[in-house]
Amino acid sequence: MRFDDLYIAAAAVHVPGRVTVADAVADGLFDAGLADRADLLSVAVSDGESAPEMAAGAAAAALRRSGIAPREIELILHADVYYQGHDLWAPASYIQRVAVGNRCPAIEIRQLSNGGMAALELAASALTGGARGGSALLTTGDRFCAPGFDRWQSDPGTVYGDAGTALLLSRRPGFARLRSLATVSEPELEAMHRGGDPFGTAPFAVRRPMDLEATKRAFVDEVGISYSVARVGAGEAEALKRALSDAEVGLPDIDWFVLPHFGLRRLSRTYLRSWGIAPEITTWPFARTVGHLGAGDQFAGLAQLVGSGLLRPGQRVLLTGVGAGFTWSSAVVEIEHPPPPYGL
């Protein structure tokens with residue numbers, strides 16, 4: 001979908017701390033061979049701060065940077081992947097109370113690693129039909145920890161980091177304009193993260209810690225590797241093609257690429273080689289210091305680019321995401337007037 005009057009007013013990421021990959025390997029937490037293939041330097045790790053607390057911290061920072069008052073926020077969407085710290089509880093309402101303090105709708109999004117981009121899709125649709133000047137606060141937050149998840153081993157090739165992120169989408173002019181956004185769904189791949197496991201009666205009742213490689217193997221054994229690769233590639237390509245077409249640009253017109261925080265081997269196979277782009281014009285230099293931030297890679301990557309001072313007026317940024325289910329999203333953002341560097 002093409003947009004003409006939606007803007008990004010601010011983006012923020014809250015990183016609680018980092019553990020070096022060298023230390024994780026030395027402590028026996030991370031296989032040395034996997035570490036070499038991933039080529040990460042460090043991973044964001046919380047020693048106590050919960051996912052919603054980190055998301056609220058990012059939300060507060062984004063609001064400060066934007067100059068948007070809480071009363072102007074018409075919608076809050078919080079996306080997450082993993083356990084949020086309480087059972088039968090609404091983390092979006094916690095973030096609203098702590099960081100915003102208003103009474104607009106606050107809703108949780110569960111589209112796994114594409115959750116942030118799914119929230120962007122929903123917020124864009126909501127604001128397009130809303131009053132002039134309305135804004136939406138989008139957050140993500142995850143803390144990947146035992147006993148249910150092993151950040152180093154549960155998904156070989158990708159290491160999971162802890163962080164909160166936030167993005168403010170607005171009808172009011174901001175530092176960047178959202179030019180287009182496309183999301184593609186392929187439910188025939190949902191079993192890739194279910195495998196042959198039975199439905200459980202409680203979280204982690206079937207596997208603890210989670211083993212995403214086991215479910216992927218079971219799925220591929222049943223349908224074949226060619227089927228899986230073809231469906232994944234087709235979904236990714238369709239989302240990219242639609243987003244570029246709606247923004248009336250081509251891949252060579254993109255100045256910066258905000259990509260999922262995979263390890264380098266998976267990132268190269270999925271994006272760098274197939275799209276013909278160099279790591280230097282992507283968020284890989286930042287991603288390899290924090291790991292995969294659940295639903296928040298895209299918001300975090302954009303926040304890092306803004307904070308670094310690398311963006312220039314007129315530059316185009318492509319945000320792309322993928323999540324189990326499967327869904328793929330791509331968005332084209334055009335920089336209008338980047339704020340002064342603020343770091344992270």
# chains A, B, ... in the order shown; residues from 1 in each chain; ligands from 1
>>> residues_around(residues="range 291-297 of chain A", least_positions_apart="6", cutoff="10 Å", atoms="only C-alpha atoms", output="VMD selection string")
chain A and resid 13 15 18 38 40 to 45 55 78 to 82 109 to 119 139 to 144 151 to 152 158 to 167 258 to 263 283 to 284 303 319 to 323
>>> select_by_dssp(residues="range 124-304 of chain A", states="strand (DSSP E)", output="list of chain:residue names")
A:Ser135, A:Ala136, A:Leu137, A:Leu138, A:Thr139, A:Thr140, A:Gly141, A:Asp142, A:Ala163, A:Gly164, A:Thr165, A:Ala166, A:Leu167, A:Leu168, A:Leu169, A:Ser170, A:Ala176, A:Arg177, A:Leu178, A:Arg179, A:Ser180, A:Leu181, A:Ala182, A:Thr183, A:Val184, A:Ser185, A:Trp256, A:Phe257, A:Val258
>>> atom_distance(atom1="CA of Pro203 in chain A", atom2="CA of Gln298 in chain A")
27.2 Å
>>> closest_residue(among="A:Arg312, A:Arg288, A:Arg171, A:Arg208", to="Pro338 in chain A", atoms="only C-alpha atoms")
A:Arg312
>>> select_by_dssp(residues="range 88-240 of chain A", states="helix (DSSP H, G or I)", output="ChimeraX atom specification")
/A:91-100,112-128,187-193,212-223,225-240
>>> closest_residue(among="A:Ile107, A:Trp256, A:Ser329, A:His193", to="Glu121 in chain A", atoms="only C-alpha atoms")
A:Ser329
>>> residues_around(residues="Val25 in chain A", least_positions_apart="5", cutoff="10 Å", atoms="only C-alpha atoms", output="JSON, numbers by chain")
{"A": [20, 30, 31, 32, 33, 34, 35, 152]}
>>> closest_residue(among="A:Gly134, A:Gly307, A:Pro70, A:Pro285", to="Val98 in chain A", atoms="only C-alpha atoms")
A:Pro70
>>> atom_distance(atom1="CA of Thr201 in chain A", atom2="CA of Glu186 in chain A")
26.3 Å
>>> closest_residue(among="A:Asp4, A:Glu72, A:Glu334, A:Asp197", to="Ile254 in chain A", atoms="only C-alpha atoms")
A:Glu334
